[in-house]
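Structure file data.tsv; described as TSV, C-alpha atoms.
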```tsv
chain	number	residue	atom	x	y	z
A	1	MET	CA	14.65	-8.96	-56.19
A	2	SER	CA	14.15	-11.94	-58.49
A	3	LYS	CA	10.79	-13.04	-59.81
A	4	GLU	CA	10.83	-16.14	-57.64
A	5	GLN	CA	11.36	-14.05	-54.52
A	6	LYS	CA	8.64	-11.50	-55.22
A	7	ALA	CA	5.58	-11.86	-52.96
A	8	LEU	CA	2.45	-12.88	-54.82
A	9	PHE	CA	-0.98	-13.11	-53.23
A	10	SER	CA	-3.78	-14.49	-55.41
A	11	TYR	CA	-7.07	-16.24	-54.93
A	12	HIS	CA	-9.43	-18.48	-56.92
A	13	VAL	CA	-13.07	-19.27	-56.36
A	14	ASN	CA	-14.17	-22.73	-57.47
A	15	GLN	CA	-17.89	-23.04	-56.87
A	16	THR	CA	-18.06	-23.20	-53.03
A	17	GLU	CA	-14.30	-23.26	-52.37
A	18	LEU	CA	-12.03	-20.27	-51.97
A	19	GLU	CA	-8.33	-20.95	-52.49
A	20	LEU	CA	-5.72	-18.47	-51.28
A	21	ILE	CA	-2.29	-18.82	-52.88
A	22	PHE	CA	0.81	-17.27	-51.36
A	23	GLN	CA	4.15	-17.36	-53.23
A	24	GLY	CA	7.59	-15.83	-52.74
A	25	ARG	CA	9.04	-13.82	-49.88
A	26	PHE	CA	6.47	-11.99	-47.74
A	27	VAL	CA	8.55	-9.35	-46.02
A	28	CYS	CA	6.87	-5.99	-45.33
A	29	PHE	CA	4.11	-7.06	-47.72
A	30	GLN	CA	1.27	-4.61	-48.31
A	31	ASP	CA	-1.69	-5.53	-50.53
A	32	SER	CA	-4.89	-4.34	-48.90
A	33	SER	CA	-6.94	-4.53	-52.09
A	34	SER	CA	-6.60	-8.31	-52.52
A	35	LEU	CA	-7.27	-8.88	-48.84
A	36	SER	CA	-10.39	-6.69	-48.97
A	37	ARG	CA	-11.79	-8.66	-51.92
A	38	VAL	CA	-11.14	-11.93	-50.12
A	39	ILE	CA	-12.95	-10.67	-47.03
A	40	GLU	CA	-15.91	-9.59	-49.16
A	41	ILE	CA	-16.14	-13.05	-50.73
A	42	VAL	CA	-16.12	-14.69	-47.31
A	43	GLN	CA	-18.75	-12.31	-45.95
A	44	LYS	CA	-21.15	-13.10	-48.81
A	45	GLY	CA	-21.52	-16.60	-47.37
A	46	GLN	CA	-21.50	-18.46	-50.72
A	47	ILE	CA	-18.40	-20.55	-50.06
A	48	LYS	CA	-18.23	-23.59	-47.83
A	49	ARG	CA	-14.49	-23.81	-47.14
A	50	VAL	CA	-11.24	-21.89	-47.52
A	51	VAL	CA	-7.95	-23.46	-48.64
A	52	VAL	CA	-4.74	-21.66	-47.68
A	53	GLN	CA	-1.82	-22.60	-49.93
A	54	THR	CA	1.60	-21.51	-48.55
A	55	LYS	CA	3.86	-24.27	-49.86
A	56	GLU	CA	5.73	-21.86	-52.16
A	57	VAL	CA	6.41	-19.25	-49.51
A	58	ILE	CA	10.20	-18.97	-49.03
A	59	GLY	CA	10.21	-16.35	-46.30
A	60	TRP	CA	7.75	-14.37	-44.27
A	61	ASP	CA	7.33	-11.92	-41.41
A	62	SER	CA	4.40	-10.58	-39.41
A	63	SER	CA	2.78	-9.02	-42.51
A	64	LEU	CA	1.78	-12.48	-43.78
A	65	ALA	CA	0.64	-13.53	-40.33
A	66	ILE	CA	-1.62	-10.45	-40.15
A	67	ILE	CA	-3.23	-11.33	-43.49
A	68	LEU	CA	-3.92	-14.88	-42.38
A	69	TYR	CA	-5.18	-13.64	-39.01
A	70	ARG	CA	-7.77	-11.40	-40.67
A	71	VAL	CA	-8.85	-14.20	-42.99
A	72	LYS	CA	-9.14	-16.58	-40.05
A	73	LYS	CA	-11.15	-13.99	-38.11
A	74	GLU	CA	-13.71	-13.63	-40.93
A	75	THR	CA	-14.03	-17.37	-41.45
A	76	GLU	CA	-14.61	-17.82	-37.71
A	77	ARG	CA	-17.47	-15.36	-37.87
A	78	ALA	CA	-19.00	-17.12	-40.90
A	79	HIS	CA	-18.33	-20.61	-39.46
A	80	ILE	CA	-16.30	-21.60	-42.53
A	81	PRO	CA	-13.51	-24.20	-42.08
A	82	ILE	CA	-9.93	-23.53	-43.22
A	83	ILE	CA	-7.71	-26.16	-44.81
A	84	TRP	CA	-3.99	-25.42	-44.46
A	85	LYS	CA	-1.50	-26.58	-47.09
A	86	GLU	CA	2.07	-25.73	-46.15
A	87	ARG	CA	5.46	-27.29	-45.66
A	88	THR	CA	5.51	-26.69	-41.90
A	89	ASN	CA	2.85	-25.88	-39.37
A	90	GLY	CA	4.53	-22.62	-38.32
A	91	LEU	CA	1.98	-20.22	-39.79
A	92	LYS	CA	-0.95	-22.39	-38.79
A	93	ARG	CA	0.26	-22.65	-35.18
A	94	LEU	CA	0.96	-18.93	-35.01
A	95	VAL	CA	-2.51	-17.95	-36.25
A	96	GLU	CA	-4.27	-20.50	-34.06
A	97	LEU	CA	-2.26	-19.29	-31.07
A	98	ALA	CA	-3.61	-15.78	-31.64
A	99	PHE	CA	-7.15	-17.16	-31.33
A	100	SER	CA	-6.43	-19.42	-28.37
A	101	VAL	CA	-6.23	-16.55	-25.86
A	102	ASP	CA	-9.44	-14.94	-24.68
A	103	ARG	CA	-8.72	-11.22	-24.61
A	104	LYS	CA	-11.88	-10.40	-22.75
A	105	PRO	CA	-11.45	-10.64	-18.99
A	106	PRO	CA	-13.83	-13.08	-17.35
A	107	VAL	CA	-16.87	-11.55	-15.75
A	108	LEU	CA	-16.88	-12.61	-12.15
A	109	SER	CA	-20.30	-13.37	-10.84
A	110	LYS	CA	-21.06	-11.38	-7.72
A	111	LYS	CA	-22.06	-13.58	-4.86
A	112	THR	CA	-24.94	-12.14	-2.96
A	113	SER	CA	-24.93	-12.85	0.74
A	114	SER	CA	-27.75	-12.52	3.16
A	115	PHE	CA	-27.65	-10.10	6.09
A	116	LEU	CA	-26.82	-12.85	8.57
A	117	GLU	CA	-24.03	-14.17	6.32
A	118	LYS	CA	-22.48	-10.71	6.13
A	119	ILE	CA	-22.62	-10.41	9.92
A	120	GLY	CA	-20.99	-13.82	10.26
A	121	GLU	CA	-18.24	-12.99	7.75
A	122	THR	CA	-17.53	-9.68	9.47
A	123	GLY	CA	-17.42	-11.36	12.86
A	124	PHE	CA	-15.09	-14.06	11.59
A	125	LEU	CA	-12.73	-11.44	10.10
A	126	VAL	CA	-12.71	-9.55	13.40
A	127	TYR	CA	-11.97	-12.80	15.23
A	128	GLN	CA	-9.07	-13.58	12.88
A	129	SER	CA	-7.67	-10.06	13.30
A	130	CYS	CA	-7.87	-10.32	17.09
A	131	CYS	CA	-6.14	-13.71	17.05
A	132	ALA	CA	-3.36	-12.38	14.82
A	133	GLY	CA	-2.92	-9.31	17.02
A	134	PHE	CA	-2.76	-11.30	20.26
A	135	SER	CA	-0.35	-13.77	18.66
A	136	PHE	CA	1.95	-10.91	17.60
A	137	LEU	CA	1.74	-9.34	21.06
A	138	LYS	CA	2.57	-12.69	22.66
A	139	LYS	CA	5.66	-13.05	20.45
A	140	VAL	CA	6.83	-9.58	21.45
A	141	MET	CA	6.36	-10.40	25.13
A	142	PHE	CA	8.37	-13.60	24.73
A	143	SER	CA	11.08	-11.61	22.95
A	144	LEU	CA	11.18	-9.17	25.85
A	145	GLY	CA	11.52	-12.10	28.24
A	146	ARG	CA	14.41	-13.47	26.17
A	147	LEU	CA	16.03	-10.02	26.23
A	148	LEU	CA	15.85	-9.84	30.01
A	149	SER	CA	17.38	-13.33	30.25
A	150	GLY	CA	20.11	-12.45	27.71
A	151	ARG	CA	18.93	-14.90	25.03
A	152	ALA	CA	17.35	-12.50	22.52
A	153	VAL	CA	18.76	-12.25	18.99
A	154	ILE	CA	19.12	-8.47	18.94
A	155	ARG	CA	21.92	-6.20	17.75
A	156	LYS	CA	22.94	-3.13	19.69
A	157	VAL	CA	23.44	-1.13	16.51
A	158	ASP	CA	19.83	-1.73	15.45
A	159	PHE	CA	18.56	-0.45	18.79
A	160	LEU	CA	20.81	2.62	18.66
A	161	PHE	CA	19.74	3.39	15.11
A	162	ALA	CA	16.06	3.15	16.07
A	163	LEU	CA	16.74	5.25	19.18
A	164	GLU	CA	18.41	7.90	17.05
A	165	ASP	CA	15.54	7.97	14.54
A	166	ALA	CA	12.86	8.22	17.22
A	167	GLY	CA	14.90	10.49	19.48
A	168	TYR	CA	16.73	13.69	18.65
A	169	LYS	CA	15.79	13.57	14.96
A	170	ALA	CA	12.18	14.09	16.00
A	171	VAL	CA	12.95	17.09	18.21
A	172	PRO	CA	12.50	19.82	15.54
A	173	ILE	CA	9.04	18.73	14.36
A	174	VAL	CA	7.94	17.97	17.93
A	175	SER	CA	9.06	21.40	19.13
A	176	LEU	CA	7.39	23.25	16.28
A	177	ILE	CA	4.04	21.47	16.52
A	178	SER	CA	3.93	21.66	20.31
A	179	PHE	CA	4.73	25.37	20.27
A	180	MET	CA	1.92	25.99	17.78
A	181	VAL	CA	-0.54	23.86	19.76
A	182	GLY	CA	0.23	25.78	22.96
A	183	LEU	CA	-0.14	29.04	21.09
A	184	ILE	CA	-3.51	28.02	19.61
A	185	LEU	CA	-4.75	26.68	22.95
A	186	ALA	CA	-3.84	29.95	24.67
A	187	PHE	CA	-5.42	32.06	21.93
A	188	VAL	CA	-8.69	30.10	21.95
A	189	GLY	CA	-8.84	30.25	25.75
A	190	ALA	CA	-8.05	33.95	25.82
A	191	VAL	CA	-10.95	34.78	23.52
A	192	GLN	CA	-13.43	33.53	26.14
A	193	LEU	CA	-11.50	34.44	29.28
A	194	LYS	CA	-11.14	38.08	28.23
A	195	VAL	CA	-14.93	38.38	28.27
A	196	PHE	CA	-14.89	37.74	32.01
A	197	GLY	CA	-11.65	39.60	32.65
A	198	ALA	CA	-9.93	36.36	33.60
A	199	HIS	CA	-7.25	36.34	30.92
A	200	ILE	CA	-4.55	35.72	33.52
A	201	TYR	CA	-5.83	32.16	33.79
A	202	VAL	CA	-4.56	31.45	30.26
A	203	ALA	CA	-1.30	30.30	31.84
A	204	SER	CA	-3.12	27.77	33.98
A	205	LEU	CA	-5.21	26.59	31.03
A	206	VAL	CA	-2.20	25.98	28.82
A	207	THR	CA	-0.11	24.40	31.56
A	208	ILE	CA	-2.75	21.94	32.73
A	209	GLY	CA	-3.96	21.12	29.23
A	210	MET	CA	-0.49	20.50	27.78
A	211	THR	CA	1.00	18.59	30.70
A	212	ARG	CA	-1.98	16.35	31.38
A	213	ILE	CA	-3.11	15.25	27.92
A	214	MET	CA	-2.60	17.60	24.95
A	215	GLY	CA	1.18	17.29	24.82
A	216	ALA	CA	1.08	13.50	24.84
A	217	ILE	CA	-1.70	13.31	22.25
A	218	MET	CA	0.02	15.68	19.84
A	219	ILE	CA	3.31	13.82	20.16
A	220	GLY	CA	1.45	10.55	19.64
A	221	VAL	CA	-0.14	11.78	16.40
A	222	ILE	CA	3.18	13.17	15.16
A	223	MET	CA	5.13	10.01	15.93
A	224	ALA	CA	2.40	7.78	14.48
A	225	GLY	CA	2.69	9.59	11.15
A	226	ARG	CA	6.46	9.87	11.32
A	227	THR	CA	7.93	6.86	13.09
A	228	GLY	CA	5.05	4.37	13.06
A	229	ALA	CA	4.68	4.75	9.30
A	230	SER	CA	8.44	4.41	8.92
A	231	TYR	CA	8.42	1.11	10.83
A	232	ALA	CA	5.62	-0.29	8.68
A	233	ALA	CA	7.24	0.82	5.42
A	234	ALA	CA	10.72	-0.45	6.33
A	235	ILE	CA	9.59	-3.89	7.50
A	236	GLY	CA	7.05	-4.12	4.68
A	237	THR	CA	9.79	-3.44	2.12
A	238	MET	CA	11.84	-6.21	3.71
A	239	GLN	CA	8.81	-8.48	3.21
A	240	VAL	CA	8.67	-7.52	-0.48
A	241	ASN	CA	12.41	-8.17	-0.92
A	242	GLU	CA	12.06	-11.54	0.85
A	243	GLU	CA	14.55	-10.49	3.53
A	244	ILE	CA	12.17	-11.63	6.26
A	245	ASP	CA	11.95	-15.05	4.60
A	246	ALA	CA	15.73	-15.20	4.61
A	247	LEU	CA	15.87	-14.40	8.34
A	248	LYS	CA	13.29	-17.10	9.06
A	249	THR	CA	15.29	-19.59	6.99
A	250	MET	CA	18.37	-18.81	9.07
A	251	GLY	CA	16.37	-19.38	12.26
A	252	VAL	CA	16.38	-15.73	13.36
A	253	SER	CA	13.35	-14.61	15.35
A	254	ILE	CA	11.62	-11.72	13.58
A	255	SER	CA	10.21	-10.35	16.83
A	256	ASP	CA	13.70	-10.34	18.36
A	257	PHE	CA	15.62	-8.98	15.41
A	258	LEU	CA	13.18	-6.47	13.87
A	259	VAL	CA	10.37	-5.67	16.29
A	260	LEU	CA	11.99	-5.50	19.72
A	261	PRO	CA	14.63	-2.79	18.95
A	262	ARG	CA	11.97	-0.50	17.48
A	263	VAL	CA	9.50	-1.04	20.33
A	264	LEU	CA	12.13	-0.39	22.99
A	265	ALA	CA	13.47	2.71	21.21
A	266	LEU	CA	10.08	4.39	20.79
A	267	THR	CA	8.95	3.40	24.28
A	268	LEU	CA	12.02	5.02	25.81
A	269	THR	CA	11.93	8.23	23.76
A	270	MET	CA	8.21	9.03	23.97
A	271	PRO	CA	8.22	10.17	27.63
A	272	PHE	CA	11.12	12.56	26.94
A	273	LEU	CA	9.41	13.90	23.84
A	274	THR	CA	6.26	14.39	25.89
A	275	VAL	CA	8.16	16.49	28.43
A	276	LEU	CA	9.61	18.53	25.55
A	277	ALA	CA	6.14	19.00	24.09
A	278	ASP	CA	4.81	20.20	27.45
A	279	PHE	CA	7.59	22.75	27.76
A	280	MET	CA	7.25	24.03	24.18
A	281	GLY	CA	3.48	24.25	24.57
A	282	MET	CA	3.90	26.41	27.67
A	283	ILE	CA	6.27	28.65	25.73
A	284	GLY	CA	3.72	28.94	22.91
A	285	GLY	CA	1.03	29.90	25.43
A	286	GLY	CA	3.44	32.38	26.96
A	287	ALA	CA	3.88	34.07	23.58
A	288	VAL	CA	0.14	34.76	23.47
A	289	GLY	CA	-0.01	35.80	27.13
A	290	VAL	CA	2.91	38.21	26.86
A	291	PHE	CA	2.41	39.76	23.43
A	292	MET	CA	-1.40	39.71	23.14
A	293	LEU	CA	-2.76	39.80	26.68
A	294	GLY	CA	-0.11	42.07	28.20
A	295	ILE	CA	0.93	39.66	30.95
A	296	SER	CA	4.54	40.10	32.01
A	297	PRO	CA	6.87	37.13	31.44
A	298	GLN	CA	7.57	36.84	35.17
A	299	GLU	CA	3.86	36.80	36.01
A	300	TYR	CA	3.06	34.27	33.30
A	301	TRP	CA	5.87	32.00	34.48
A	302	LYS	CA	4.72	32.30	38.11
A	303	LEU	CA	1.13	31.40	37.17
A	304	SER	CA	2.32	28.44	35.10
A	305	ILE	CA	4.43	27.06	37.96
A	306	GLU	CA	1.51	27.44	40.37
A	307	ALA	CA	-0.81	25.55	38.02
A	308	LEU	CA	1.71	22.80	37.37
A	309	SER	CA	1.22	19.76	39.58
A	310	LEU	CA	3.10	16.51	39.76
A	311	SER	CA	-0.03	14.43	39.17
A	312	HIS	CA	-0.85	16.20	35.88
A	313	PHE	CA	2.77	15.89	34.77
A	314	LEU	CA	3.02	12.17	35.57
A	315	VAL	CA	-0.31	11.40	33.90
A	316	GLY	CA	0.91	13.08	30.72
A	317	VAL	CA	4.22	11.23	30.79
A	318	PHE	CA	2.39	7.94	31.35
A	319	HIS	CA	0.21	8.72	28.34
A	320	GLY	CA	3.35	9.24	26.28
A	321	LEU	CA	4.81	5.93	27.47
A	322	VAL	CA	1.65	4.02	26.52
A	323	PHE	CA	1.40	5.81	23.17
A	324	GLY	CA	4.99	4.84	22.36
A	325	ILE	CA	4.20	1.16	22.91
A	326	VAL	CA	0.99	1.39	20.85
A	327	ILE	CA	2.63	3.20	17.90
A	328	ALA	CA	5.61	0.84	17.75
A	329	LEU	CA	3.45	-2.29	17.94
A	330	CYS	CA	1.04	-1.06	15.25
A	331	GLY	CA	3.85	-0.07	12.90
A	332	CYS	CA	5.75	-3.33	13.31
A	333	TYR	CA	2.61	-5.49	13.14
A	334	TYR	CA	1.43	-4.11	9.82
A	335	GLY	CA	4.97	-4.19	8.45
A	336	VAL	CA	5.42	-7.88	9.30
A	337	HIS	CA	1.96	-8.72	7.89
A	338	SER	CA	2.43	-6.67	4.73
A	339	GLY	CA	1.88	-8.13	1.28
A	340	ARG	CA	4.59	-8.70	-1.30
A	341	ASP	CA	4.09	-5.77	-3.66
A	342	ALA	CA	4.51	-2.00	-3.55
A	343	ASN	CA	0.81	-1.33	-3.17
A	344	SER	CA	0.62	-3.62	-0.13
A	345	VAL	CA	3.42	-1.67	1.54
A	346	GLY	CA	1.46	1.55	1.05
A	347	VAL	CA	-1.70	-0.03	2.42
A	348	SER	CA	0.19	-1.39	5.45
A	349	THR	CA	1.69	2.02	6.15
A	350	THR	CA	-1.74	3.65	6.04
A	351	LYS	CA	-3.23	0.99	8.30
A	352	ALA	CA	-0.37	1.40	10.77
A	353	VAL	CA	-0.97	5.14	11.16
A	354	VAL	CA	-4.76	4.84	11.37
A	355	SER	CA	-4.65	1.94	13.82
A	356	ALA	CA	-2.10	3.71	16.02
A	357	ILE	CA	-4.26	6.83	16.27
A	358	VAL	CA	-7.41	4.82	16.96
A	359	TRP	CA	-5.71	2.77	19.68
A	360	MET	CA	-4.24	5.92	21.21
A	361	ILE	CA	-7.75	7.33	21.55
A	362	VAL	CA	-8.94	4.08	23.09
A	363	MET	CA	-6.04	4.03	25.56
A	364	THR	CA	-6.66	7.69	26.39
A	365	GLY	CA	-10.24	6.85	27.33
A	366	LEU	CA	-9.16	3.91	29.47
A	367	ILE	CA	-6.44	5.90	31.26
A	368	THR	CA	-8.78	8.83	31.85
A	369	PHE	CA	-11.39	6.51	33.30
A	370	ALA	CA	-8.77	4.85	35.54
A	371	CYS	CA	-7.55	8.25	36.73
A	372	GLU	CA	-11.10	9.29	37.61
A	373	VAL	CA	-11.61	6.07	39.57
A	374	ILE	CA	-8.44	6.44	41.61
A	375	GLY	CA	-8.84	10.20	41.93
A	376	VAL	CA	-5.72	11.35	40.15
```
In C-alpha cells, how does this file's structure come out?
Amino acid sequence: MSKEQKALFSYHVNQTELELIFQGRFVCFQDSSSLSRVIEIVQKGQIKRVVVQTKEVIGWDSSLAIILYRVKKETERAHIPIIWKERTNGLKRLVELAFSVDRKPPVLSKKTSSFLEKIGETGFLVYQSCCAGFSFLKKVMFSLGRLLSGRAVIRKVDFLFALEDAGYKAVPIVSLISFMVGLILAFVGAVQLKVFGAHIYVASLVTIGMTRIMGAIMIGVIMAGRTGASYAAAIGTMQVNEEIDALKTMGVSISDFLVLPRVLALTLTMPFLTVLADFMGMIGGGAVGVFMLGISPQEYWKLSIEALSLSHFLVGVFHGLVFGIVIALCGCYYGVHSGRDANSVGVSTTKAVVSAIVWMIVMTGLITFACEVIGV
C-alpha cells in the first residue's frame, strides 16, 4: 500500500478548537489509542468546537463511520458543535442518520379511567360483540335461504370435504372417549351402589346418563377442540393470506362459500356421532358391570334396554344437533373475524373453542329447562 493510501488519523488542539484530520484509505482501520485521547480531550470540557477534516480521505468503510459516531456521541454529551469539512456530505449524513433515530421505545402514558368509565367501556364492547354476532348469524341465515332457493354460491366438493372431516374421521376419537366416559361413569356409580347392594342399577345409570346428556356433551367438547378449532384456523389462515379479500373482490359471498358448507356438515354429523357416543358409553359401562361387578352380559344388556327410553334418546340427539350448530358457528365466526398475523390465528382458534364450550353449556341449561317445563 502506498504512502498516499495509508490511513492516517491525527488531531491538533488550538486553544479552544479541536481539529481531527483523516487522510488516506480507511478500510478496516483500527487505532483505539488516538480515539481514546480525542475522547479524553472532549470530556475535559476545555474546547468549544470540533472540526472534522475528511477532504483527503480517498476511501472508507464502517470503521471510519464508527470513529466519527463515537466522536459525535461525546460532543453531543458535552454540547460541543462539530464543523464538517469534506468533499461530499456522505459521512456527515451517515453519522447524523445514526442519531436521528430514537432507540428508546416511547413510554406510553397509562390512561386511568374511573369505575363508571370502565363499566361503560365494557358495556360498549359487549354491545359491539353482540351486534357482530347477530350480524354474522343473520348472514348465515340468508345464505341458508339462498341455498334452499338454489341461489347460494356453494360447491359440492367443499361440503363433502367438510362432511368427511367431521364425519367418519372423527369416529376413532369419539369412540375411544365415549367408551372411557361410560366406563368411568359406571365405575363411579358402582362405588356407591355397591354399598346398598344395588350394583345392578349401574346399567340404568350409564344408559340414562349417556343417552340423555353425557354422550352429547362429551361429543360437543371433542368436536369443539377438533373441528371447531380447525374451522377457525383454516378460515383465519385464509384471512392472513388475503384469500378472503380476493373472494370479496370477486363478489363471492363468504357466508355462502366458506361458512355454510361447514355449518351444514357439522350439523348433519353431530346427531350420528351422538348416537355412536351413546352406544360406546353403554359398552364401556358394560365392561365395568361384567368384569368388576359380576353381572352377566345378557343381564346387563337387558337392564340397559329396559332403562333406555325414546324421550331420553331424542333429547340427547337434539342436544347433539344444537351443539353442532353452535360449534360450527363459533369456529367460522372467529375465523372470519381473525386478524392478519399468525398470533391472531392462534387467538381466534382459542376463542372459538372456549366460546363453543361456553355456549354449549348455556344451550344445555336452556334445553334442560325447556324439557322440565314440557315434562320430557
Distance criterion (all atoms listed in the file): nearest to Ile305 of chain A out of A:Ala370, A:Val27, A:Ala203, A:Val317 = A:Ala203
Taking all atoms listed in the file into account, which of A:Met282, A:Leu183, A:Ala224, A:Val38 comes nearest Ala307 of chain A?
->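 Ranking A:Met282, A:Leu183, A:Ala224, A:Val38 by distance to Ala307 of chain A, first place goes to A:Met282.
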Given the choices A:Met218, A:Ile119, A:Val376, A:Val206, which gets closest to Ser304 of chain A if the distance is worked out from only C-alpha atoms?
->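 Of A:Met218, A:Ile119, A:Val376, A:Val206, the one nearest Ser304 of chain A is A:Val206, counting only C-alpha atoms.
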Using atom CA of Thr269 of chain A and atom CA of Lys138 of chain A as the two end points, give the distance in Å to one decimal.
->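 Going from atom CA of Thr269 of chain A over to atom CA of Lys138 of chain A covers 22.9 Å.
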Which one is closest to Arg155 of chain A: A:Asp256, A:Glu86, A:Glu243, A:Asp61? Count only C-alpha atoms.
->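 Counting only C-alpha atoms, the residue closest to Arg155 of chain A is A:Asp256.
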With a distance cut-off of 12 Å and only C-alpha atoms, select the neighbouring residues of Tyr333 of chain A, excluding the residue or stretch itself and same-chain residues fewer than 3 positions from it, and output the selection as an MDAnalysis selection string.
-> chainID A and resid 129 132:140 228:229 231:236 254:255 258:260 262:263 325:330 336:338 348:349 351:353 355:356
Deliver the residues from the most recent selection as a file, using C-alpha atoms, as a short mmCIF file (atom, residue, chain, number, x, y, z; two decimals), in the frame of the given file.
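Saved to part.cif:
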```cif
data_model
loop_
_atom_site.label_atom_id
_atom_site.label_comp_id
_atom_site.auth_asym_id
_atom_site.auth_seq_id
_atom_site.Cartn_x
_atom_site.Cartn_y
_atom_site.Cartn_z
CA SER A 129 -7.67 -10.06 13.30
CA ALA A 132 -3.36 -12.38 14.82
CA GLY A 133 -2.92 -9.31 17.02
CA PHE A 134 -2.76 -11.30 20.26
CA SER A 135 -0.35 -13.77 18.66
CA PHE A 136 1.95 -10.91 17.60
CA LEU A 137 1.74 -9.34 21.06
CA LYS A 138 2.57 -12.69 22.66
CA LYS A 139 5.66 -13.05 20.45
CA VAL A 140 6.83 -9.58 21.45
CA GLY A 228 5.05 4.37 13.06
CA ALA A 229 4.68 4.75 9.30
CA TYR A 231 8.42 1.11 10.83
CA ALA A 232 5.62 -0.29 8.68
CA ALA A 233 7.24 0.82 5.42
CA ALA A 234 10.72 -0.45 6.33
CA ILE A 235 9.59 -3.89 7.50
CA GLY A 236 7.05 -4.12 4.68
CA ILE A 254 11.62 -11.72 13.58
CA SER A 255 10.21 -10.35 16.83
CA LEU A 258 13.18 -6.47 13.87
CA VAL A 259 10.37 -5.67 16.29
CA LEU A 260 11.99 -5.50 19.72
CA ARG A 262 11.97 -0.50 17.48
CA VAL A 263 9.50 -1.04 20.33
CA ILE A 325 4.20 1.16 22.91
CA VAL A 326 0.99 1.39 20.85
CA ILE A 327 2.63 3.20 17.90
CA ALA A 328 5.61 0.84 17.75
CA LEU A 329 3.45 -2.29 17.94
CA CYS A 330 1.04 -1.06 15.25
CA VAL A 336 5.42 -7.88 9.30
CA HIS A 337 1.96 -8.72 7.89
CA SER A 338 2.43 -6.67 4.73
CA SER A 348 0.19 -1.39 5.45
CA THR A 349 1.69 2.02 6.15
CA LYS A 351 -3.23 0.99 8.30
CA ALA A 352 -0.37 1.40 10.77
CA VAL A 353 -0.97 5.14 11.16
CA SER A 355 -4.65 1.94 13.82
CA ALA A 356 -2.10 3.71 16.02
#
```
Quick one: pull the distance between atom CA of Pro271 of chain A and atom CA of Leu205 of chain A, Å, one decimal.
->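 Distance between the two atoms: 21.5 Å.
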